Every structure is written in structure tokens, then in C-alpha cells.
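*Asks:* Just upload_34.cif, nothing more (mmCIF, C-alpha atoms):
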```
data_upload
#
loop_
_atom_site.label_atom_id
_atom_site.label_comp_id
_atom_site.auth_asym_id
_atom_site.auth_seq_id
_atom_site.Cartn_x
_atom_site.Cartn_y
_atom_site.Cartn_z
CA MET A 1 -74.93 -108.35 180.83
CA GLU A 2 -73.96 -111.96 181.10
CA ASN A 3 -75.81 -112.80 177.92
CA ASN A 4 -74.17 -109.92 176.11
CA LYS A 5 -70.73 -111.01 177.22
CA LYS A 6 -71.38 -114.56 176.11
CA SER A 7 -72.38 -113.36 172.65
CA GLY A 8 -69.23 -111.31 172.34
CA ILE A 9 -71.09 -108.04 171.96
CA ASN A 10 -71.01 -105.29 174.53
CA ARG A 11 -74.06 -103.00 173.99
CA VAL A 12 -73.74 -99.50 175.44
CA GLN A 13 -76.92 -97.45 175.37
CA THR A 14 -76.56 -93.90 174.09
CA PRO A 15 -79.33 -91.38 173.40
CA GLY A 16 -80.95 -92.28 170.09
CA ALA A 17 -78.52 -95.13 169.29
CA PHE A 18 -76.67 -98.15 170.58
CA ARG A 19 -73.06 -99.16 169.89
CA THR A 20 -71.68 -102.63 169.39
CA THR A 21 -68.17 -103.85 170.09
CA GLN A 22 -67.55 -103.99 166.36
CA GLY A 23 -67.98 -100.16 166.28
CA GLN A 24 -71.23 -100.27 164.28
CA THR A 25 -73.90 -97.77 165.27
CA GLN A 26 -77.58 -98.48 164.46
CA PRO A 27 -80.35 -95.89 164.99
CA THR A 28 -83.23 -96.56 167.32
CA MET A 29 -86.78 -95.15 167.15
CA SER A 30 -88.31 -93.12 169.88
CA GLY A 31 -91.69 -94.06 171.31
CA ARG A 32 -93.39 -91.34 169.25
CA GLN A 33 -91.84 -92.52 166.01
CA SER A 34 -92.88 -96.11 166.75
CA ARG A 35 -96.50 -95.06 167.36
CA GLU A 36 -96.60 -93.03 164.11
CA LEU A 37 -95.28 -95.99 162.14
CA GLN A 38 -97.91 -98.31 163.59
CA GLN A 39 -100.65 -95.78 162.87
CA ASN A 40 -99.52 -95.41 159.23
CA ARG A 41 -99.59 -99.18 158.81
CA ARG A 42 -103.15 -99.37 160.17
CA VAL A 43 -104.34 -96.58 157.83
CA SER A 44 -102.79 -98.21 154.79
CA SER A 45 -104.36 -101.55 155.66
CA VAL A 46 -107.91 -100.11 155.71
CA ALA A 47 -107.53 -97.69 152.82
CA PRO A 48 -110.34 -98.09 150.21
CA ARG A 49 -109.50 -99.95 147.08
CA PRO A 50 -109.54 -97.92 143.87
CA ALA A 51 -112.58 -98.33 141.60
CA SER A 52 -112.41 -100.68 138.68
CA THR A 53 -110.07 -99.34 136.04
CA GLY A 54 -112.31 -100.61 133.25
CA GLN A 55 -115.38 -98.88 134.68
CA ASN A 56 -113.54 -95.61 135.11
CA ALA A 57 -112.24 -95.80 131.56
CA GLN A 58 -115.75 -96.44 130.21
CA GLU A 59 -117.23 -93.53 132.15
CA GLN A 60 -114.42 -91.25 131.00
CA HIS A 61 -114.96 -92.32 127.40
CA GLY A 62 -118.68 -91.53 127.70
CA LEU A 63 -117.98 -88.07 129.11
CA THR A 64 -115.45 -87.35 126.38
CA LEU A 65 -117.88 -88.44 123.68
CA GLN A 66 -120.68 -86.30 125.14
CA ALA A 67 -118.36 -83.30 125.25
CA LYS A 68 -117.51 -83.76 121.56
CA ILE A 69 -121.20 -83.97 120.66
CA ASN A 70 -121.98 -80.81 122.61
CA ARG A 71 -119.38 -78.90 120.60
CA LEU A 72 -120.94 -79.84 117.25
CA SER A 73 -123.01 -77.35 115.30
CA GLN A 74 -126.47 -78.28 114.07
CA GLU A 75 -125.27 -78.42 110.49
CA ARG A 76 -122.40 -80.74 111.41
CA MET A 77 -124.82 -82.96 113.38
CA ARG A 78 -127.00 -83.32 110.28
CA GLN A 79 -123.98 -84.28 108.19
CA LEU A 80 -122.84 -86.90 110.70
CA PHE A 81 -126.37 -88.23 111.10
CA THR A 82 -126.52 -88.72 107.33
CA VAL A 83 -123.24 -90.65 107.43
CA ILE A 84 -124.59 -92.89 110.22
CA ALA A 85 -127.79 -93.47 108.22
CA GLU A 86 -125.72 -94.58 105.21
CA ARG A 87 -123.67 -97.01 107.28
CA ASN A 88 -126.51 -98.40 109.42
CA PRO A 89 -129.90 -97.41 107.96
CA GLN A 90 -131.88 -99.85 110.13
CA LEU A 91 -130.48 -98.36 113.34
CA VAL A 92 -131.42 -94.85 112.26
CA GLN A 93 -134.90 -95.99 111.19
CA ASP A 94 -135.49 -97.62 114.59
CA ILE A 95 -134.38 -94.45 116.38
CA LEU A 96 -136.65 -92.27 114.24
CA ASP A 97 -139.62 -94.59 114.78
CA GLU A 98 -139.05 -94.55 118.52
CA ASP A 99 -138.75 -90.77 118.55
CA GLU A 100 -141.90 -90.48 116.47
CA SER A 101 -143.87 -92.51 119.01
CA ILE A 102 -142.94 -89.96 121.68
CA ASN A 103 -142.89 -86.65 119.83
CA ILE A 104 -145.67 -85.72 117.45
CA PRO A 105 -144.36 -83.28 114.83
CA HIS A 106 -146.34 -80.08 114.43
CA ASP A 107 -145.17 -76.85 112.87
CA ASP A 108 -145.53 -73.53 114.68
CA GLU A 109 -148.63 -72.52 112.76
CA ARG A 110 -150.53 -75.67 113.73
CA ASN A 111 -149.38 -75.43 117.33
CA ALA A 112 -150.88 -71.95 117.47
CA GLU A 113 -154.17 -73.14 115.97
CA LEU A 114 -156.96 -73.54 118.51
CA PRO A 115 -158.91 -76.80 118.44
CA PRO A 116 -162.44 -76.60 117.03
CA PRO A 117 -165.30 -76.36 119.55
CA TRP A 118 -166.41 -79.97 118.98
CA CYS A 119 -162.94 -81.30 119.94
CA LEU A 120 -162.36 -82.70 123.44
CA CYS A 121 -158.80 -84.01 123.06
CA HIS A 122 -157.37 -80.67 121.82
CA CYS A 123 -155.65 -82.46 118.91
CA CYS A 124 -158.37 -82.20 116.23
CA ARG A 125 -158.35 -79.69 113.40
CA SER A 126 -161.00 -78.20 111.20
CA MET A 127 -162.57 -80.64 108.75
CA PRO A 128 -164.37 -79.71 105.51
CA THR A 129 -167.66 -81.53 106.20
CA SER A 130 -169.83 -81.93 109.27
CA ARG A 131 -169.59 -85.70 108.94
CA GLU A 132 -165.82 -85.58 109.35
CA ARG A 133 -165.93 -83.37 112.46
CA VAL A 134 -165.47 -86.22 114.86
CA CYS A 135 -163.20 -86.31 117.93
CA CYS A 136 -161.83 -89.42 119.59
CA GLY A 137 -163.63 -88.30 122.76
CA ASN A 138 -160.65 -88.69 125.07
CA GLY A 139 -159.01 -85.99 127.18
CA PRO A 140 -155.94 -83.98 126.13
CA THR A 141 -153.54 -86.30 127.96
CA ASN A 142 -155.05 -89.47 126.53
CA CYS A 143 -155.85 -88.55 122.95
CA LEU A 144 -156.25 -91.62 120.77
CA SER A 145 -153.75 -90.23 118.27
CA LEU A 146 -151.04 -90.10 120.96
CA ILE A 147 -151.26 -93.53 122.57
CA PRO A 148 -148.46 -96.03 121.79
CA GLU A 149 -150.75 -98.40 119.86
CA MET A 150 -151.40 -95.67 117.30
CA SER A 151 -147.70 -95.51 116.51
CA GLU A 152 -147.14 -99.26 116.62
CA ILE A 153 -150.19 -100.40 114.62
CA VAL A 154 -151.30 -97.50 112.45
CA ILE A 155 -148.23 -95.33 111.83
CA HIS A 156 -145.25 -97.71 111.85
CA GLN A 157 -143.88 -97.92 108.32
CA GLY A 158 -142.77 -101.54 108.61
CA VAL A 159 -146.27 -102.65 109.65
CA LEU A 160 -147.84 -100.68 106.81
CA ARG A 161 -145.42 -102.11 104.28
CA VAL A 162 -146.33 -105.68 105.22
CA ALA A 163 -150.08 -104.95 105.31
CA ASP A 164 -149.99 -103.23 101.92
CA THR A 165 -147.94 -106.01 100.32
CA TYR A 166 -150.34 -108.65 101.64
CA ARG A 167 -153.38 -106.71 100.41
CA ARG A 168 -151.93 -106.25 96.92
CA SER A 169 -151.01 -109.92 96.69
CA ILE A 170 -154.57 -110.97 97.63
CA PHE A 171 -156.41 -108.58 95.33
CA GLY A 172 -153.82 -108.27 92.58
CA ILE A 173 -153.57 -104.49 93.02
CA PRO A 174 -150.54 -102.73 91.51
CA ALA A 175 -148.29 -100.77 93.86
CA GLU A 176 -148.99 -97.06 94.25
CA THR A 177 -146.13 -94.98 92.84
CA ASP A 178 -146.63 -92.19 95.39
CA GLU A 179 -145.10 -93.72 98.52
CA ASN A 180 -146.67 -91.29 100.98
CA ARG A 181 -150.08 -91.82 99.42
CA ARG A 182 -149.65 -95.60 99.68
CA TYR A 183 -148.66 -95.45 103.35
CA ARG A 184 -151.37 -92.91 104.14
CA HIS A 185 -154.08 -95.08 102.63
CA ALA A 186 -152.67 -98.15 104.40
CA SER A 187 -152.77 -96.22 107.69
CA TYR A 188 -156.47 -95.47 107.23
CA ARG A 189 -157.17 -99.18 106.69
CA GLN A 190 -155.05 -100.16 109.70
CA PHE A 191 -156.92 -97.72 111.92
CA THR A 192 -160.30 -99.03 110.77
CA VAL A 193 -159.37 -102.65 111.51
CA TRP A 194 -157.76 -101.70 114.82
CA ARG A 195 -160.69 -99.67 116.19
CA TYR A 196 -163.73 -101.02 114.37
CA GLY A 197 -162.77 -104.50 113.21
CA ARG A 198 -163.74 -105.88 109.83
CA LEU A 199 -166.57 -103.86 108.31
CA GLY A 200 -169.08 -104.99 105.73
CA SER A 201 -168.99 -103.85 102.13
CA ARG A 202 -171.52 -101.07 102.78
CA VAL A 203 -170.41 -100.07 106.27
CA ARG A 204 -168.19 -97.01 106.61
CA ARG A 205 -166.84 -95.37 109.75
CA VAL A 206 -165.32 -91.92 110.09
CA ILE A 207 -161.82 -91.76 111.53
CA PRO A 208 -161.48 -89.09 114.26
CA SER A 209 -159.96 -85.84 113.07
CA CYS A 210 -157.03 -86.08 115.50
CA CYS A 211 -156.04 -89.47 114.10
CA VAL A 212 -156.58 -88.41 110.49
CA TRP A 213 -154.18 -85.54 110.93
CA ARG A 214 -151.67 -87.67 112.79
CA ILE A 215 -151.57 -89.92 109.71
CA ARG A 216 -151.41 -86.99 107.31
CA ASP A 217 -148.60 -85.35 109.27
CA ARG A 218 -146.58 -88.54 109.03
CA TYR A 219 -147.33 -89.22 105.35
CA PRO A 220 -148.27 -85.84 103.88
CA ASP A 221 -149.36 -84.98 100.37
CA ALA A 222 -146.77 -82.81 98.65
CA LEU A 223 -149.40 -80.20 97.77
CA GLY A 224 -151.55 -80.63 100.86
CA HIS A 225 -154.53 -81.90 98.87
CA TYR A 226 -156.74 -84.44 100.65
CA THR A 227 -160.12 -85.70 99.42
CA GLY A 228 -161.41 -86.73 102.83
CA PHE A 229 -164.12 -89.16 103.83
CA LEU A 230 -165.99 -90.92 101.00
CA PRO A 231 -168.93 -92.94 102.37
CA HIS A 232 -169.17 -95.25 99.36
CA ARG A 233 -165.47 -95.91 98.86
CA ARG A 234 -163.67 -98.96 100.18
CA GLY A 235 -161.81 -97.95 103.31
CA GLY A 236 -163.91 -94.81 103.87
CA PHE A 237 -161.14 -92.23 103.53
CA ASP A 238 -159.51 -91.25 100.29
CA CYS A 239 -155.89 -90.27 100.41
#
```
What does the file become when written as C-alpha cells?
*Replies:*
Amino acid sequence: MENNKKSGINRVQTPGAFRTTQGQTQPTMSGRQSRELQQNRRVSSVAPRPASTGQNAQEQHGLTLQAKINRLSQERMRQLFTVIAERNPQLVQDILDEDESINIPHDDERNAELPPPWCLCHCCRSMPTSRERVCCGNGPTNCLSLIPEMSEIVIHQGVLRVADTYRRSIFGIPAETDENRRYRHASYRQFTVWRYGRLGSRVRRVIPSCCVWRIRDRYPDALGHYTGFLPHRRGGFDC
């Protein structure tokens, strides 16, 4: 009380408030209110920080884009894919090459066709001559026609283009006008070098049926006419 008198203020306690000599009344907090305030402060101080705004925006953009793609019809997807191919042909070619190395295209009729009895890999098809009825000898899950090297060395169009250009420049051979025939023949040569190495002028090796048809599926003849293995022809297989 002495201190209050010296300061000129006479504090009179009343329930829920105190009064000063100047007539001003200021509220006071109860013990319960004080504890709640302290608890709220502690909760707010340990509250988790929000995730990065940039990361959330990127994830939301990806979900929105996927939702738009899911709503597209197949016909509209083809149209947009054509537009993308016109604007960035190399990107589309890379995607198609990568997809080709994973998925081997077969139509329904060929999928339903049973492999011939001499086939072990389950990927061979009937061949016109007994000499051509050769399998790679591997199991169904490791067929030679399905391994990555087959796509990268024998099937890849860029590799074939370089190999064919080099061969024509060495031997002075004019370019084949039928593009699929040119790539098909180049694929046969690539396979021979890859699996058998450089052969002599009179040495010919039969390419396994599974690999022959993998090449033909990728670079087909428009009429489905194939000559097959020619023992006395350079490269062994005709187109």
C-alpha cells in the first residue's frame, strides 16, 4: 500500500478487474484463461511448417495435366501426337524407339499363332525351307529377338542409317528407293556382324526365325513378299 500511495495510484481489487484512481478499469485474466493462452502459444510455436509452395504448385500442375490427358479421346490423342511430332520430331522418334525396345508389335492373328515344334523361345514362325527353320535356342523369357542389344544394334533406325551410308560410300552402291527394304537388308547385315562377326565370301549363316520376323515386323514389305535365305548371296538373306 505504501508503494501504491507513493505512485499516486490507489488500486482496489474487484472481481475480474482492478480500478485506478484515474477511474480507468482494465480487465484481468483468470488463471484458466492464462493457462489457455500459454498453451496456444506453445502449439503455435511447434506447428509444422507448410510444404514448399513451388513443390506443391508443380505437383498440382502435374495432376491437372494428367487429368486433361485422361479426358482425351483416342482420336484426339493421335491428332495431338502428330502436332508434337511436327514440332519436335526427334523427341517423338526417341520415344518411339524406346517403346519399341520394350514392346514388340504383333497383330492378333500372329499372337494366336502357335510356335512351330522346332522353336524353343516361342517367338519363331513357320519358315518356307528346312534350312531356315532355326531358333535362337533361348527360353521364352530370354529370346534373342527380345534382348535390348537386338533393338540397339540391329533394329535402331539411326544405327542402320549410318551403317548403310558407310557401306554405300565404300562400295559405291546407289541408295535403295524402298526405305523399308533398305533398312530390312541393313538389319540382316547388322545381325550377322553382331552374332557371327565378319564372314568370308563363301560363308553364310542363317538368322534365327524369331530375329528374322522381328526385323520384318519393324520394316515390313508392303505386300508381305520375302525371298528368304539365299546361301550364295552376300549377306545371306534377301529382303
*Asks:* Name the residues captured by the PyMOL selection byres ((chain A and resi 188) around 8) when it is applied to the shown file; answer as a list in words.
*Replies:*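 Answer for the PyMOL selection byres ((chain A and resi 188) around 8): Val154, Arg184, His185, Ala186, Ser187, Arg189, Gln190, Phe191, Thr192, Ile207, Val212, Ile215, Gly235 and Phe237 of chain A.
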*Asks:* Grab the residues selected above and save them as a PDB file, keeping the file's coordinate frame with C-alpha atoms.
*Replies:*
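Contents of part-v3.pdb, as written:
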```pdb
ATOM      1  CA  VAL A 154    -151.300 -97.500 112.450  1.00  0.00           C
ATOM      2  CA  ARG A 184    -151.370 -92.910 104.140  1.00  0.00           C
ATOM      3  CA  HIS A 185    -154.080 -95.080 102.630  1.00  0.00           C
ATOM      4  CA  ALA A 186    -152.670 -98.150 104.400  1.00  0.00           C
ATOM      5  CA  SER A 187    -152.770 -96.220 107.690  1.00  0.00           C
ATOM      6  CA  ARG A 189    -157.170 -99.180 106.690  1.00  0.00           C
ATOM      7  CA  GLN A 190    -155.050-100.160 109.700  1.00  0.00           C
ATOM      8  CA  PHE A 191    -156.920 -97.720 111.920  1.00  0.00           C
ATOM      9  CA  THR A 192    -160.300 -99.030 110.770  1.00  0.00           C
ATOM     10  CA  ILE A 207    -161.820 -91.760 111.530  1.00  0.00           C
ATOM     11  CA  VAL A 212    -156.580 -88.410 110.490  1.00  0.00           C
ATOM     12  CA  ILE A 215    -151.570 -89.920 109.710  1.00  0.00           C
ATOM     13  CA  GLY A 235    -161.810 -97.950 103.310  1.00  0.00           C
ATOM     14  CA  PHE A 237    -161.140 -92.230 103.530  1.00  0.00           C
TER      15      PHE A 237
END
```
*Asks:* Give as a CSV table (one decimal) with C-alpha atoms, in the coordinates of the input the residues that the PyMOL selection byres ((chain A and resi 149) around 12) matches when applied to the coordinates above.
*Replies:*
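Heads up, here's the output in selection-v5.csv:
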```csv
chain,number,residue,atom,x,y,z
A,101,SER,CA,-143.9,-92.5,119.0
A,102,ILE,CA,-142.9,-90.0,121.7
A,142,ASN,CA,-155.0,-89.5,126.5
A,143,CYS,CA,-155.8,-88.6,123.0
A,144,LEU,CA,-156.2,-91.6,120.8
A,145,SER,CA,-153.8,-90.2,118.3
A,146,LEU,CA,-151.0,-90.1,121.0
A,147,ILE,CA,-151.3,-93.5,122.6
A,148,PRO,CA,-148.5,-96.0,121.8
A,150,MET,CA,-151.4,-95.7,117.3
A,151,SER,CA,-147.7,-95.5,116.5
A,152,GLU,CA,-147.1,-99.3,116.6
A,153,ILE,CA,-150.2,-100.4,114.6
A,154,VAL,CA,-151.3,-97.5,112.4
A,155,ILE,CA,-148.2,-95.3,111.8
A,156,HIS,CA,-145.2,-97.7,111.8
A,159,VAL,CA,-146.3,-102.6,109.6
A,190,GLN,CA,-155.0,-100.2,109.7
A,191,PHE,CA,-156.9,-97.7,111.9
A,194,TRP,CA,-157.8,-101.7,114.8
A,195,ARG,CA,-160.7,-99.7,116.2
A,211,CYS,CA,-156.0,-89.5,114.1
```
*Asks:* Just to confirm, what's the straight-line distance from CA of Glu132 in chain A to CA of Gly228 in chain A in Å (one decimal)?
*Replies:*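 These atoms are spaced 8.0 Å apart.
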*Asks:* Please list as a PDB file with C-alpha atoms, keeping the file's coordinate frame every residue within 12 Å of Cys124 in chain A, counting all atoms listed in the file and excluding residues in the same chain fewer than 4 positions away.
*Replies:*
```
ATOM      1  CA  ARG A 110    -150.530 -75.670 113.730  1.00  0.00           C
ATOM      2  CA  ASN A 111    -149.380 -75.430 117.330  1.00  0.00           C
ATOM      3  CA  GLU A 113    -154.170 -73.140 115.970  1.00  0.00           C
ATOM      4  CA  LEU A 114    -156.960 -73.540 118.510  1.00  0.00           C
ATOM      5  CA  PRO A 115    -158.910 -76.800 118.440  1.00  0.00           C
ATOM      6  CA  PRO A 116    -162.440 -76.600 117.030  1.00  0.00           C
ATOM      7  CA  PRO A 117    -165.300 -76.360 119.550  1.00  0.00           C
ATOM      8  CA  TRP A 118    -166.410 -79.970 118.980  1.00  0.00           C
ATOM      9  CA  CYS A 119    -162.940 -81.300 119.940  1.00  0.00           C
ATOM     10  CA  LEU A 120    -162.360 -82.700 123.440  1.00  0.00           C
ATOM     11  CA  GLU A 132    -165.820 -85.580 109.350  1.00  0.00           C
ATOM     12  CA  ARG A 133    -165.930 -83.370 112.460  1.00  0.00           C
ATOM     13  CA  VAL A 134    -165.470 -86.220 114.860  1.00  0.00           C
ATOM     14  CA  CYS A 135    -163.200 -86.310 117.930  1.00  0.00           C
ATOM     15  CA  CYS A 136    -161.830 -89.420 119.590  1.00  0.00           C
ATOM     16  CA  GLY A 137    -163.630 -88.300 122.760  1.00  0.00           C
ATOM     17  CA  ASN A 138    -160.650 -88.690 125.070  1.00  0.00           C
ATOM     18  CA  GLY A 139    -159.010 -85.990 127.180  1.00  0.00           C
ATOM     19  CA  PRO A 140    -155.940 -83.980 126.130  1.00  0.00           C
ATOM     20  CA  CYS A 143    -155.850 -88.550 122.950  1.00  0.00           C
ATOM     21  CA  LEU A 144    -156.250 -91.620 120.770  1.00  0.00           C
ATOM     22  CA  SER A 145    -153.750 -90.230 118.270  1.00  0.00           C
ATOM     23  CA  LEU A 146    -151.040 -90.100 120.960  1.00  0.00           C
ATOM     24  CA  ILE A 207    -161.820 -91.760 111.530  1.00  0.00           C
ATOM     25  CA  PRO A 208    -161.480 -89.090 114.260  1.00  0.00           C
ATOM     26  CA  SER A 209    -159.960 -85.840 113.070  1.00  0.00           C
ATOM     27  CA  CYS A 210    -157.030 -86.080 115.500  1.00  0.00           C
ATOM     28  CA  CYS A 211    -156.040 -89.470 114.100  1.00  0.00           C
ATOM     29  CA  VAL A 212    -156.580 -88.410 110.490  1.00  0.00           C
ATOM     30  CA  TRP A 213    -154.180 -85.540 110.930  1.00  0.00           C
ATOM     31  CA  ARG A 214    -151.670 -87.670 112.790  1.00  0.00           C
TER      32      ARG A 214
END
```
*Asks:* Find the distance between CA of Asp217 in chain A and CA of Gln157 in chain A and write it in Å to one decimal.
*Replies:*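 Taking CA of Asp217 in chain A as the start and CA of Gln157 in chain A as the end point, the length is 13.5 Å.
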*Asks:* Record the distance separating CA of Arg87 in chain A and CA of Arg181 in chain A, expressed in Å with one decimal.
*Replies:*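 Computing the Euclidean distance for CA of Arg87 in chain A and CA of Arg181 in chain A yields 28.0 Å.
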*Asks:* For each of A:Arg218, A:Arg205, A:Arg76, A:His225, take the minimum atom-to-atom distance to Arg131 in chain A, counting only C-alpha atoms, then give the residue where this is smallest.
*Replies:*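 Once distances to Arg131 in chain A are computed over only C-alpha atoms, the minimum belongs to A:Arg205.
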*Asks:* Might I get the box with edges along x, y and z of the file that holds all atoms of range 117-134 of chain A listed there, padded by 4 Å on every side, given as centre and edge lengths in Å to one decimal, as JSON?
*Replies:*
```
{"center_x": -162.7, "center_y": -81.3, "center_z": 114.5, "size_x": 22.2, "size_y": 17.9, "size_z": 25.9}
```
